[in-house]
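What follows is one structure encoded as structure tokens, with my remarks underneath.
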Amino acid sequence: MAKKDKLQPLQVFQYLPGTNCKKCGFLTCFAFAFALIGREKRPEDCPDLLTEQYISALDFLNGHFGGDFSVEKTGLLIDEEKCCGCGDCVAVCDKCQGTVMFGSGIVIPRNVPPVLKIVDGRVRVVEWESCKRCMDPPEYCRVCEERCPFGALELVR
Amino acid sequence: MSAGEMVCTACSCLCDDIEIEIENGRIVSMEKACRKGTAFFFGSENERLRTVHLVDGKQVDTDQALAAAAGLLSRARRPLVFGMDNASLEAQRQGIELARMLGAVLDDSSSFCQGKLTHDILTGTLPSCTFDQIHDSDLIIYWGSNPHNAQPRHLSRFSLYAHRKYHEMGATRYVTMAVVDVRESETAGAGVAHRFFRILPGEDSNFIAAIIEGIKGNPVRKDASGFLKLLKQSRHCVIFAGLGLTYSLDNDFSLFYEMLKHLGGWMKTFVIPMSGHYNVRGFNYSLYNATGCVNKVNFAGGAVSHGDEFSLLEQVKNRAADCLLIVGADPFSSLPISVLKHLDGVPLVTLDPFRTATTEASSVVLGVSLTGLESGGTAMRMDGTTVTLMPAKWTDKQSDVQILERLKELLRP
Ligand code: SF4
Ligand code: SF4
Ligand code: SF4
Ligand code: SF4
């Protein structure tokens with residue numbers, strides 16, 4: 001189906017206890033909501049969520065932020081199950097092309113590895129360091145996420 | 001270990017840049033192919049999904065299977081040859097000759113898919129272009145099709161993202177993509193399509209009529225005037241016509257053609273039918289060259305006749321055929337049961353690399369190699385470009401060309 005709806009911090013906040021008890025190490029529940037979306041914390045890091053009262057909220061949050069995942073330093077979260085291997089992300093990302101084209105029309109081959117590649121029908125990361133988000137200073141590019149028709153890519157930071 | 005390039009034959013995009021690695025006769029990895037293509041070729045390694053030569057469910061060798069097939073076909077008084085959409089151009093040529101020799105009825109799935117559009121392109125009444133010429137366009141329209149499901153790499157390799165004027169960061173948009181569909185498909189979704197026109201199921205003719213009215217200067221419904229505005233800004237447009245459009249118009253494109261004629265006042269419009277099987281366009285082309293028709297022909301009595309009564313559906317419904325030769329097609333999966341029940345008692349001879357619902361129901365099954373991976377040939381992409389298929393893997397199975405050739409030898413009067 002079409003892209004999944006990304007949860008906004010305020011939506012996540014609705015599912016938290018809202019007591020600002022600071023047991024998670026953040027000053028407010030709202031800050032914890034940001035940390036959940038950024039995949040820096042997991043739902044069980046809020047002790048109150050583990051109580052009987054919040055069982056459905058915990059279920060919901062685990063559905064979105066639980067499970068196994070690994071977010072690299074570019075903040076890209078890949079859901080391989082959703083990817084159809086269409087290659088749109090590779091086609092639109094400047095840093096995935098084999099060549100660089102200048103405004104004057106000159107084309108030269110690029111000798112750094114691409115960020116993403118389609119292997120065995122799914123998107124794979126070849127080299128994080130090539131991503132614009134790893135440059136110094138970083139460029140907060142979100143093109144691949146925006147263009148993925150299946151919502152298989154999510155930039156969480 | 002060997003690595004090389006191959007052409008994917010899982011859909012009519014025929015992507016020819018697939019990098020495949022093979023070790024000890026097994027595929028190790030495939031690069032660039034989409035999930036559909038990958039599943040197709042990895043699936044071909046599973047012997048349980050593949051066919052062997054079968055006569056009445058018992059495994060036999062090639063000669064016995066061919067003799068049984070030839071026996072059934074030569075005894076038939078009104079044989080029907082169906083399929084060849086998943087076969088190379090060479091196999092199609094053999095199949096057409098075979099049908100001619102048998103005096104059989106010949107049809108393929110384009111009779112209930114995109115046959116009409118392809119016919120009009122071949123006769124020159126409908127302007128069409130190749131993927132290479134898309135670079136001149138400034139508007140791409142997907143009408144009633146969702147390539148992200150059926151031809152996943154269509155956008156990234158051939159149309160929008162491959163467009164020479166497409167630039168991700170460009171402030172000015174030189175190429176626009178619009179989708180007309182009944183639901184918000186992946187292609188129509190946010191981030192992909194620039195404009196999306198949602199219409200109700202079956203409303204296409206109404207929508208087209210509104211556009212024509214709009215061109216004449218009359219007030220029209222809001223979405224049609226938005227669509228017209230988009231068309232007015234364009235000088236060169238490519239429409240990818242999907243099955244959604246064909247089925248909604250019920251194969252009557254007169255209104256659609258009228259719209260194209262009106263659009264001709266200020267812009268060039270090209271239509272490319274989105275076909276499913278990899279060589280449907282090739283079949284239409286081969287048969288058109290041989291007979292002047294794209295499907296639904298009857299070779300009975302040495303002459304060529306053409307008509308709707310020679311489509312698979314009509315033939316089966318009227319119990320007109322008494323033996324079916326099915327080449328690389330699976331009507332048992334795609335036709336409704338109300339039609340299929342008329343096939344009860346009709347002997348089927350099927351050539352297929354994979355086990356399908358049709359091979360399960362067949363009296364004689366001829367297990368052939370998988371074109372594209374195990375045998376070569378040529379095929380025609382959906383835009384009419386001929387692509388050469390290079391086999392990447394060795395097999396002891398014979399190709400459909402060889403089997404059809406031998407069948408022809410056996411049946412030669
Ligand atoms: S531990 Fe839970 S309730 Fe306490 S501040 Fe953090 S999120 Fe809010
Ligand atoms: S964030 Fe930008 S540079 Fe990085 S992979 Fe995605 S599209 Fe490429
Ligand atoms: S991640 Fe998305 S855009 Fe990239 S190949 Fe997969 S489905 Fe296509
Ligand atoms: S788009 Fe079609 S031809 Fe290309 S890799 Fe995918 S299934 Fe194969």
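Starting from 1 in every chain, residues are counted up; chains themselves are A, B, ... following the order of the structure tokens, and ligands are numbered from 1 as listed.
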Please check the contacts: residues of chain B at most 6 Å away from chain A, using only C-alpha atoms, listed as a CSV table (one decimal) with N, CA, C and O atoms, in the first residue's frame.
```csv
chain,number,residue,atom,x,y,z
B,29,SER,N,23.8,-13.9,-6.7
B,29,SER,CA,23.2,-12.6,-6.4
B,29,SER,C,22.8,-12.0,-7.7
B,29,SER,O,23.3,-12.3,-8.8
B,30,MET,N,21.9,-11.1,-7.6
B,30,MET,CA,21.4,-10.3,-8.7
B,30,MET,C,21.4,-8.8,-8.3
B,30,MET,O,20.9,-8.5,-7.3
B,31,GLU,N,22.0,-8.0,-9.1
B,31,GLU,CA,22.0,-6.6,-8.8
B,31,GLU,C,21.2,-5.8,-9.8
B,31,GLU,O,21.1,-6.1,-11.0
B,32,LYS,N,20.6,-4.7,-9.3
B,32,LYS,CA,19.7,-3.8,-10.1
B,32,LYS,C,18.4,-4.3,-10.4
B,32,LYS,O,17.4,-3.5,-10.6
B,33,ALA,N,18.2,-5.6,-10.4
B,33,ALA,CA,16.8,-6.2,-10.7
B,33,ALA,C,15.9,-5.8,-9.5
B,33,ALA,O,16.3,-5.8,-8.4
B,34,CYS,N,14.6,-5.6,-9.9
B,34,CYS,CA,13.7,-5.3,-8.8
B,34,CYS,C,13.2,-6.6,-8.1
B,34,CYS,O,13.7,-7.7,-8.5
B,35,ARG,N,12.4,-6.5,-7.1
B,35,ARG,CA,12.0,-7.6,-6.4
B,35,ARG,C,11.2,-8.6,-7.2
B,35,ARG,O,11.3,-9.8,-7.0
B,38,THR,N,13.8,-10.5,-9.4
B,38,THR,CA,14.6,-11.3,-8.5
B,38,THR,C,13.9,-12.6,-8.1
B,38,THR,O,14.4,-13.7,-8.2
B,152,PRO,N,8.1,-2.4,-11.9
B,152,PRO,CA,8.7,-1.6,-10.8
B,152,PRO,C,9.8,-0.6,-11.3
B,152,PRO,O,9.8,0.5,-10.7
B,153,ARG,N,10.6,-1.0,-12.3
B,153,ARG,CA,11.7,-0.1,-12.6
B,153,ARG,C,11.3,0.9,-13.7
B,153,ARG,O,12.2,1.6,-14.3
B,156,SER,N,12.3,4.6,-12.7
B,156,SER,CA,13.7,4.9,-12.4
B,156,SER,C,14.6,4.6,-13.6
B,156,SER,O,15.6,5.2,-13.8
B,186,GLU,N,0.8,3.6,-5.4
B,186,GLU,CA,2.1,4.0,-5.0
B,186,GLU,C,2.6,5.1,-6.0
B,186,GLU,O,3.3,6.0,-5.6
B,191,GLY,N,5.0,12.5,-3.1
B,191,GLY,CA,6.5,12.3,-3.3
B,191,GLY,C,6.8,11.8,-4.7
B,191,GLY,O,7.9,12.0,-5.2
B,192,VAL,N,5.9,11.1,-5.3
B,192,VAL,CA,6.2,10.5,-6.6
B,192,VAL,C,5.5,11.3,-7.7
B,192,VAL,O,6.2,12.0,-8.5
```
Residues of range 143-280 of chain B in helix (DSSP H, G or I) according to DSSP, as a PDB file with N, CA, C and O atoms, in the first residue's frame?
```pdb
ATOM      1  N   PRO B 147       2.833   1.430 -12.288  1.00  0.00           N
ATOM      2  CA  PRO B 147       4.063   0.710 -12.597  1.00  0.00           C
ATOM      3  C   PRO B 147       4.798   0.176 -11.370  1.00  0.00           C
ATOM      4  O   PRO B 147       5.513  -0.820 -11.488  1.00  0.00           O
ATOM      5  N   HIS B 148       4.608   0.815 -10.216  1.00  0.00           N
ATOM      6  CA  HIS B 148       5.359   0.318  -9.065  1.00  0.00           C
ATOM      7  C   HIS B 148       4.940  -1.083  -8.664  1.00  0.00           C
ATOM      8  O   HIS B 148       5.647  -1.756  -7.928  1.00  0.00           O
ATOM      9  N   ASN B 149       3.789  -1.521  -9.124  1.00  0.00           N
ATOM     10  CA  ASN B 149       3.433  -2.914  -8.896  1.00  0.00           C
ATOM     11  C   ASN B 149       3.771  -3.794 -10.082  1.00  0.00           C
ATOM     12  O   ASN B 149       4.265  -4.898  -9.913  1.00  0.00           O
ATOM     13  N   ALA B 150       3.456  -3.323 -11.286  1.00  0.00           N
ATOM     14  CA  ALA B 150       3.549  -4.202 -12.443  1.00  0.00           C
ATOM     15  C   ALA B 150       4.902  -4.128 -13.151  1.00  0.00           C
ATOM     16  O   ALA B 150       5.417  -5.141 -13.616  1.00  0.00           O
ATOM     17  N   HIS B 154      10.051   0.962 -14.038  1.00  0.00           N
ATOM     18  CA  HIS B 154       9.639   1.800 -15.167  1.00  0.00           C
ATOM     19  C   HIS B 154      10.052   3.259 -14.968  1.00  0.00           C
ATOM     20  O   HIS B 154      10.608   3.881 -15.858  1.00  0.00           O
ATOM     21  N   LEU B 155       9.810   3.786 -13.785  1.00  0.00           N
ATOM     22  CA  LEU B 155      10.129   5.197 -13.540  1.00  0.00           C
ATOM     23  C   LEU B 155      11.625   5.429 -13.449  1.00  0.00           C
ATOM     24  O   LEU B 155      12.159   6.365 -14.023  1.00  0.00           O
ATOM     25  N   SER B 156      12.296   4.569 -12.693  1.00  0.00           N
ATOM     26  CA  SER B 156      13.701   4.852 -12.418  1.00  0.00           C
ATOM     27  C   SER B 156      14.568   4.585 -13.636  1.00  0.00           C
ATOM     28  O   SER B 156      15.611   5.187 -13.793  1.00  0.00           O
ATOM     29  N   ARG B 157      14.154   3.676 -14.501  1.00  0.00           N
ATOM     30  CA  ARG B 157      15.033   3.332 -15.602  1.00  0.00           C
ATOM     31  C   ARG B 157      14.605   3.959 -16.928  1.00  0.00           C
ATOM     32  O   ARG B 157      15.440   4.219 -17.789  1.00  0.00           O
ATOM     33  N   PHE B 158      13.313   4.172 -17.107  1.00  0.00           N
ATOM     34  CA  PHE B 158      12.883   4.602 -18.439  1.00  0.00           C
ATOM     35  C   PHE B 158      12.154   5.939 -18.472  1.00  0.00           C
ATOM     36  O   PHE B 158      12.307   6.697 -19.407  1.00  0.00           O
ATOM     37  N   ASP B 204     -13.710   7.056 -16.708  1.00  0.00           N
ATOM     38  CA  ASP B 204     -12.711   7.565 -17.648  1.00  0.00           C
ATOM     39  C   ASP B 204     -13.346   8.251 -18.856  1.00  0.00           C
ATOM     40  O   ASP B 204     -12.913   9.326 -19.262  1.00  0.00           O
ATOM     41  N   SER B 205     -14.389   7.629 -19.430  1.00  0.00           N
ATOM     42  CA  SER B 205     -14.971   8.214 -20.636  1.00  0.00           C
ATOM     43  C   SER B 205     -15.611   9.558 -20.313  1.00  0.00           C
ATOM     44  O   SER B 205     -15.515  10.505 -21.100  1.00  0.00           O
ATOM     45  N   ASN B 206     -16.220   9.628 -19.143  1.00  0.00           N
ATOM     46  CA  ASN B 206     -16.802  10.881 -18.679  1.00  0.00           C
ATOM     47  C   ASN B 206     -15.727  11.964 -18.552  1.00  0.00           C
ATOM     48  O   ASN B 206     -15.891  13.110 -19.002  1.00  0.00           O
ATOM     49  N   PHE B 207     -14.602  11.577 -17.964  1.00  0.00           N
ATOM     50  CA  PHE B 207     -13.469  12.485 -17.751  1.00  0.00           C
ATOM     51  C   PHE B 207     -12.921  12.973 -19.096  1.00  0.00           C
ATOM     52  O   PHE B 207     -12.663  14.163 -19.289  1.00  0.00           O
ATOM     53  N   ILE B 208     -12.767  12.025 -20.029  1.00  0.00           N
ATOM     54  CA  ILE B 208     -12.246  12.382 -21.350  1.00  0.00           C
ATOM     55  C   ILE B 208     -13.209  13.316 -22.067  1.00  0.00           C
ATOM     56  O   ILE B 208     -12.805  14.323 -22.665  1.00  0.00           O
ATOM     57  N   ALA B 209     -14.501  12.996 -21.983  1.00  0.00           N
ATOM     58  CA  ALA B 209     -15.498  13.856 -22.630  1.00  0.00           C
ATOM     59  C   ALA B 209     -15.426  15.266 -22.060  1.00  0.00           C
ATOM     60  O   ALA B 209     -15.541  16.253 -22.798  1.00  0.00           O
ATOM     61  N   ALA B 210     -15.206  15.365 -20.743  1.00  0.00           N
ATOM     62  CA  ALA B 210     -15.100  16.680 -20.114  1.00  0.00           C
ATOM     63  C   ALA B 210     -13.884  17.430 -20.642  1.00  0.00           C
ATOM     64  O   ALA B 210     -13.949  18.647 -20.877  1.00  0.00           O
ATOM     65  N   ILE B 211     -12.782  16.716 -20.846  1.00  0.00           N
ATOM     66  CA  ILE B 211     -11.583  17.388 -21.370  1.00  0.00           C
ATOM     67  C   ILE B 211     -11.855  17.935 -22.769  1.00  0.00           C
ATOM     68  O   ILE B 211     -11.490  19.067 -23.100  1.00  0.00           O
ATOM     69  N   ILE B 212     -12.542  17.120 -23.578  1.00  0.00           N
ATOM     70  CA  ILE B 212     -12.851  17.578 -24.943  1.00  0.00           C
ATOM     71  C   ILE B 212     -13.730  18.830 -24.881  1.00  0.00           C
ATOM     72  O   ILE B 212     -13.497  19.803 -25.602  1.00  0.00           O
ATOM     73  N   GLU B 213     -14.719  18.788 -24.003  1.00  0.00           N
ATOM     74  CA  GLU B 213     -15.582  19.973 -23.838  1.00  0.00           C
ATOM     75  C   GLU B 213     -14.741  21.183 -23.431  1.00  0.00           C
ATOM     76  O   GLU B 213     -14.950  22.290 -23.925  1.00  0.00           O
ATOM     77  N   GLY B 214     -13.796  20.939 -22.521  1.00  0.00           N
ATOM     78  CA  GLY B 214     -12.930  22.014 -22.048  1.00  0.00           C
ATOM     79  C   GLY B 214     -12.105  22.612 -23.171  1.00  0.00           C
ATOM     80  O   GLY B 214     -11.919  23.831 -23.250  1.00  0.00           O
ATOM     81  N   ILE B 215     -11.615  21.756 -24.055  1.00  0.00           N
ATOM     82  CA  ILE B 215     -10.817  22.255 -25.180  1.00  0.00           C
ATOM     83  C   ILE B 215     -11.679  23.145 -26.066  1.00  0.00           C
ATOM     84  O   ILE B 215     -11.221  24.153 -26.609  1.00  0.00           O
ATOM     85  N   LYS B 222     -14.210  20.279 -12.269  1.00  0.00           N
ATOM     86  CA  LYS B 222     -13.009  20.930 -11.767  1.00  0.00           C
ATOM     87  C   LYS B 222     -11.741  20.146 -12.085  1.00  0.00           C
ATOM     88  O   LYS B 222     -10.747  20.705 -12.543  1.00  0.00           O
ATOM     89  N   ASP B 223     -11.785  18.808 -11.853  1.00  0.00           N
ATOM     90  CA  ASP B 223     -10.552  18.048 -12.073  1.00  0.00           C
ATOM     91  C   ASP B 223     -10.170  18.033 -13.544  1.00  0.00           C
ATOM     92  O   ASP B 223      -8.998  18.109 -13.901  1.00  0.00           O
ATOM     93  N   ALA B 224     -11.162  17.997 -14.437  1.00  0.00           N
ATOM     94  CA  ALA B 224     -10.855  17.992 -15.863  1.00  0.00           C
ATOM     95  C   ALA B 224     -10.234  19.310 -16.287  1.00  0.00           C
ATOM     96  O   ALA B 224      -9.326  19.340 -17.117  1.00  0.00           O
ATOM     97  N   SER B 225     -10.702  20.417 -15.696  1.00  0.00           N
ATOM     98  CA  SER B 225     -10.112  21.699 -16.098  1.00  0.00           C
ATOM     99  C   SER B 225      -8.687  21.808 -15.564  1.00  0.00           C
ATOM    100  O   SER B 225      -7.825  22.395 -16.212  1.00  0.00           O
ATOM    101  N   GLY B 226      -8.426  21.209 -14.386  1.00  0.00           N
ATOM    102  CA  GLY B 226      -7.056  21.171 -13.874  1.00  0.00           C
ATOM    103  C   GLY B 226      -6.157  20.361 -14.789  1.00  0.00           C
ATOM    104  O   GLY B 226      -5.019  20.737 -15.087  1.00  0.00           O
ATOM    105  N   PHE B 227      -6.678  19.242 -15.256  1.00  0.00           N
ATOM    106  CA  PHE B 227      -5.916  18.379 -16.153  1.00  0.00           C
ATOM    107  C   PHE B 227      -5.650  19.092 -17.477  1.00  0.00           C
ATOM    108  O   PHE B 227      -4.557  19.032 -18.031  1.00  0.00           O
ATOM    109  N   LEU B 228      -6.662  19.805 -17.931  1.00  0.00           N
ATOM    110  CA  LEU B 228      -6.526  20.520 -19.196  1.00  0.00           C
ATOM    111  C   LEU B 228      -5.483  21.625 -19.100  1.00  0.00           C
ATOM    112  O   LEU B 228      -4.712  21.851 -20.028  1.00  0.00           O
ATOM    113  N   LYS B 229      -5.450  22.273 -17.927  1.00  0.00           N
ATOM    114  CA  LYS B 229      -4.473  23.330 -17.714  1.00  0.00           C
ATOM    115  C   LYS B 229      -3.056  22.762 -17.842  1.00  0.00           C
ATOM    116  O   LYS B 229      -2.171  23.359 -18.456  1.00  0.00           O
ATOM    117  N   LEU B 230      -2.896  21.585 -17.277  1.00  0.00           N
ATOM    118  CA  LEU B 230      -1.605  20.904 -17.350  1.00  0.00           C
ATOM    119  C   LEU B 230      -1.243  20.600 -18.805  1.00  0.00           C
ATOM    120  O   LEU B 230      -0.118  20.801 -19.249  1.00  0.00           O
ATOM    121  N   LEU B 231      -2.247  20.119 -19.550  1.00  0.00           N
ATOM    122  CA  LEU B 231      -2.011  19.787 -20.960  1.00  0.00           C
ATOM    123  C   LEU B 231      -1.707  21.041 -21.771  1.00  0.00           C
ATOM    124  O   LEU B 231      -0.886  21.022 -22.687  1.00  0.00           O
ATOM    125  N   LYS B 232      -2.367  22.147 -21.403  1.00  0.00           N
ATOM    126  CA  LYS B 232      -2.174  23.390 -22.160  1.00  0.00           C
ATOM    127  C   LYS B 232      -0.738  23.903 -22.033  1.00  0.00           C
ATOM    128  O   LYS B 232      -0.206  24.527 -22.941  1.00  0.00           O
ATOM    129  N   LEU B 243      -4.008  -0.847 -18.128  1.00  0.00           N
ATOM    130  CA  LEU B 243      -5.200  -1.672 -18.291  1.00  0.00           C
ATOM    131  C   LEU B 243      -6.417  -0.997 -17.675  1.00  0.00           C
ATOM    132  O   LEU B 243      -7.541  -1.250 -18.092  1.00  0.00           O
ATOM    133  N   GLY B 244      -6.184  -0.138 -16.683  1.00  0.00           N
ATOM    134  CA  GLY B 244      -7.290   0.577 -16.063  1.00  0.00           C
ATOM    135  C   GLY B 244      -8.064   1.371 -17.101  1.00  0.00           C
ATOM    136  O   GLY B 244      -9.295   1.373 -17.114  1.00  0.00           O
ATOM    137  N   LEU B 245      -7.334   2.027 -18.002  1.00  0.00           N
ATOM    138  CA  LEU B 245      -7.974   2.810 -19.051  1.00  0.00           C
ATOM    139  C   LEU B 245      -8.679   1.897 -20.051  1.00  0.00           C
ATOM    140  O   LEU B 245      -9.828   2.102 -20.417  1.00  0.00           O
ATOM    141  N   THR B 246      -7.964   0.832 -20.478  1.00  0.00           N
ATOM    142  CA  THR B 246      -8.522  -0.073 -21.481  1.00  0.00           C
ATOM    143  C   THR B 246      -9.814  -0.714 -20.990  1.00  0.00           C
ATOM    144  O   THR B 246     -10.810  -0.772 -21.710  1.00  0.00           O
ATOM    145  N   TYR B 247      -9.800  -1.192 -19.748  1.00  0.00           N
ATOM    146  CA  TYR B 247     -10.988  -1.867 -19.232  1.00  0.00           C
ATOM    147  C   TYR B 247     -12.113  -0.886 -18.972  1.00  0.00           C
ATOM    148  O   TYR B 247     -13.280  -1.190 -19.166  1.00  0.00           O
ATOM    149  N   SER B 248     -11.753   0.305 -18.515  1.00  0.00           N
ATOM    150  CA  SER B 248     -12.788   1.282 -18.218  1.00  0.00           C
ATOM    151  C   SER B 248     -13.489   1.734 -19.503  1.00  0.00           C
ATOM    152  O   SER B 248     -14.699   1.926 -19.526  1.00  0.00           O
ATOM    153  N   SER B 254     -12.550   5.378 -29.116  1.00  0.00           N
ATOM    154  CA  SER B 254     -12.879   6.469 -30.041  1.00  0.00           C
ATOM    155  C   SER B 254     -12.835   7.838 -29.347  1.00  0.00           C
ATOM    156  O   SER B 254     -12.304   8.799 -29.893  1.00  0.00           O
ATOM    157  N   LEU B 255     -13.361   7.875 -28.119  1.00  0.00           N
ATOM    158  CA  LEU B 255     -13.371   9.142 -27.385  1.00  0.00           C
ATOM    159  C   LEU B 255     -11.939   9.580 -27.043  1.00  0.00           C
ATOM    160  O   LEU B 255     -11.579  10.753 -27.163  1.00  0.00           O
ATOM    161  N   PHE B 256     -11.135   8.614 -26.651  1.00  0.00           N
ATOM    162  CA  PHE B 256      -9.747   8.877 -26.307  1.00  0.00           C
ATOM    163  C   PHE B 256      -8.995   9.432 -27.526  1.00  0.00           C
ATOM    164  O   PHE B 256      -8.252  10.405 -27.428  1.00  0.00           O
ATOM    165  N   TYR B 257      -9.249   8.821 -28.693  1.00  0.00           N
ATOM    166  CA  TYR B 257      -8.577   9.279 -29.914  1.00  0.00           C
ATOM    167  C   TYR B 257      -9.056  10.673 -30.306  1.00  0.00           C
ATOM    168  O   TYR B 257      -8.294  11.487 -30.806  1.00  0.00           O
ATOM    169  N   GLU B 258     -10.342  10.921 -30.038  1.00  0.00           N
ATOM    170  CA  GLU B 258     -10.865  12.252 -30.345  1.00  0.00           C
ATOM    171  C   GLU B 258     -10.148  13.293 -29.485  1.00  0.00           C
ATOM    172  O   GLU B 258      -9.775  14.361 -29.964  1.00  0.00           O
ATOM    173  N   MET B 259      -9.919  12.919 -28.218  1.00  0.00           N
ATOM    174  CA  MET B 259      -9.203  13.837 -27.332  1.00  0.00           C
ATOM    175  C   MET B 259      -7.798  14.094 -27.875  1.00  0.00           C
ATOM    176  O   MET B 259      -7.332  15.228 -27.926  1.00  0.00           O
ATOM    177  N   LEU B 260      -7.121  13.014 -28.312  1.00  0.00           N
ATOM    178  CA  LEU B 260      -5.764  13.177 -28.837  1.00  0.00           C
ATOM    179  C   LEU B 260      -5.775  14.094 -30.058  1.00  0.00           C
ATOM    180  O   LEU B 260      -4.872  14.903 -30.248  1.00  0.00           O
ATOM    181  N   LYS B 261      -6.819  13.949 -30.887  1.00  0.00           N
ATOM    182  CA  LYS B 261      -6.905  14.777 -32.090  1.00  0.00           C
ATOM    183  C   LYS B 261      -7.033  16.258 -31.710  1.00  0.00           C
ATOM    184  O   LYS B 261      -6.369  17.112 -32.278  1.00  0.00           O
ATOM    185  N   HIS B 262      -7.867  16.521 -30.708  1.00  0.00           N
ATOM    186  CA  HIS B 262      -8.021  17.901 -30.249  1.00  0.00           C
ATOM    187  C   HIS B 262      -6.719  18.433 -29.657  1.00  0.00           C
ATOM    188  O   HIS B 262      -6.362  19.585 -29.869  1.00  0.00           O
ATOM    189  N   LEU B 263      -6.030  17.569 -28.909  1.00  0.00           N
ATOM    190  CA  LEU B 263      -4.769  17.999 -28.292  1.00  0.00           C
ATOM    191  C   LEU B 263      -3.742  18.337 -29.355  1.00  0.00           C
ATOM    192  O   LEU B 263      -2.848  19.157 -29.148  1.00  0.00           O
ATOM    193  N   VAL B 280       4.415  -9.375 -25.188  1.00  0.00           N
ATOM    194  CA  VAL B 280       3.086  -9.221 -25.793  1.00  0.00           C
ATOM    195  C   VAL B 280       3.200  -8.361 -27.039  1.00  0.00           C
ATOM    196  O   VAL B 280       2.652  -8.666 -28.093  1.00  0.00           O
TER     197      VAL B 280
END
```
Please identify the residues whose atoms come within 12 Å of ligand 2, using only C-alpha atoms and all ligand atoms, and report them as a ChimeraX atom specification.
/A:72-78,87-97,113-117,123-135,138-148,153-157 /B:168-169
What is the CA of Met274 in chain B to CA of Gln114 in chain B distance in Å?
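Between CA of Met274 in chain B and CA of Gln114 in chain B the gap is 7.7 Å.
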Could you give me the residues within 12 Å of ligand 1, counting only C-alpha atoms and all ligand atoms, as a VMD selection string?
chain A and resid 12 to 36 41 to 51 54 57 to 58 61
Write out as a ChimeraX atom specification which residues come within 9 Å of Val401 in chain B when counting only C-alpha atoms, dropping same-chain ones fewer than 4 positions away.
/B:87-88,90-95,405-406
Taking C-alpha atoms for each residue, export the selection above as a short mmCIF file (atom, residue, chain, number, x, y, z; two decimals), in the first residue's frame.
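Written output follows (out-v4.cif):
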```cif
data_model
loop_
_atom_site.label_atom_id
_atom_site.label_comp_id
_atom_site.auth_asym_id
_atom_site.auth_seq_id
_atom_site.Cartn_x
_atom_site.Cartn_y
_atom_site.Cartn_z
CA ALA B 87 8.20 -16.51 -25.47
CA SER B 88 10.93 -15.05 -27.62
CA GLU B 90 11.81 -16.73 -32.57
CA ALA B 91 9.46 -19.02 -30.66
CA GLN B 92 6.54 -16.84 -31.70
CA ARG B 93 7.52 -17.20 -35.35
CA GLN B 94 7.59 -20.99 -34.94
CA GLY B 95 4.28 -20.93 -33.11
CA GLU B 405 10.37 -26.67 -34.19
CA ARG B 406 10.33 -30.39 -33.45
#
```
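Omitting Leu407 in chain B and its sequence neighbours fewer than 2 positions away, and counting only C-alpha atoms, the residues within 10 Å are B:Asp63, B:Leu66, B:Ala67, B:Ala69, B:Ala70, B:Leu73, B:Gln94, B:Gly95, B:Leu98, B:Val401, B:Gln402, B:Ile403, B:Leu404, B:Glu405, B:Glu409, B:Leu410, B:Leu411, B:Arg412.
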I'd like to know which of B:Ala76, B:Leu340, B:Leu373, B:Leu126 is closest to ligand 4, using only C-alpha atoms and all ligand atoms.
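The shortest atom-to-atom distance to ligand 4 comes from B:Leu373.
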CA of Glu45 in chain B to CA of Arg26 in chain B, straight-line distance in Å
7.1 Å
Minimum-distance residue to ligand 3, chosen among B:Thr187, B:Thr51, B:Asn295, B:Arg319 (using only C-alpha atoms and all ligand atoms):
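Distance minimum relative to ligand 3 lands on B:Thr187.
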Between B:Ala10, B:Leu389, B:Met382, B:Val327, which residue has the minimum interatomic distance to Ser275 in chain B, considering only C-alpha atoms?
B:Met382
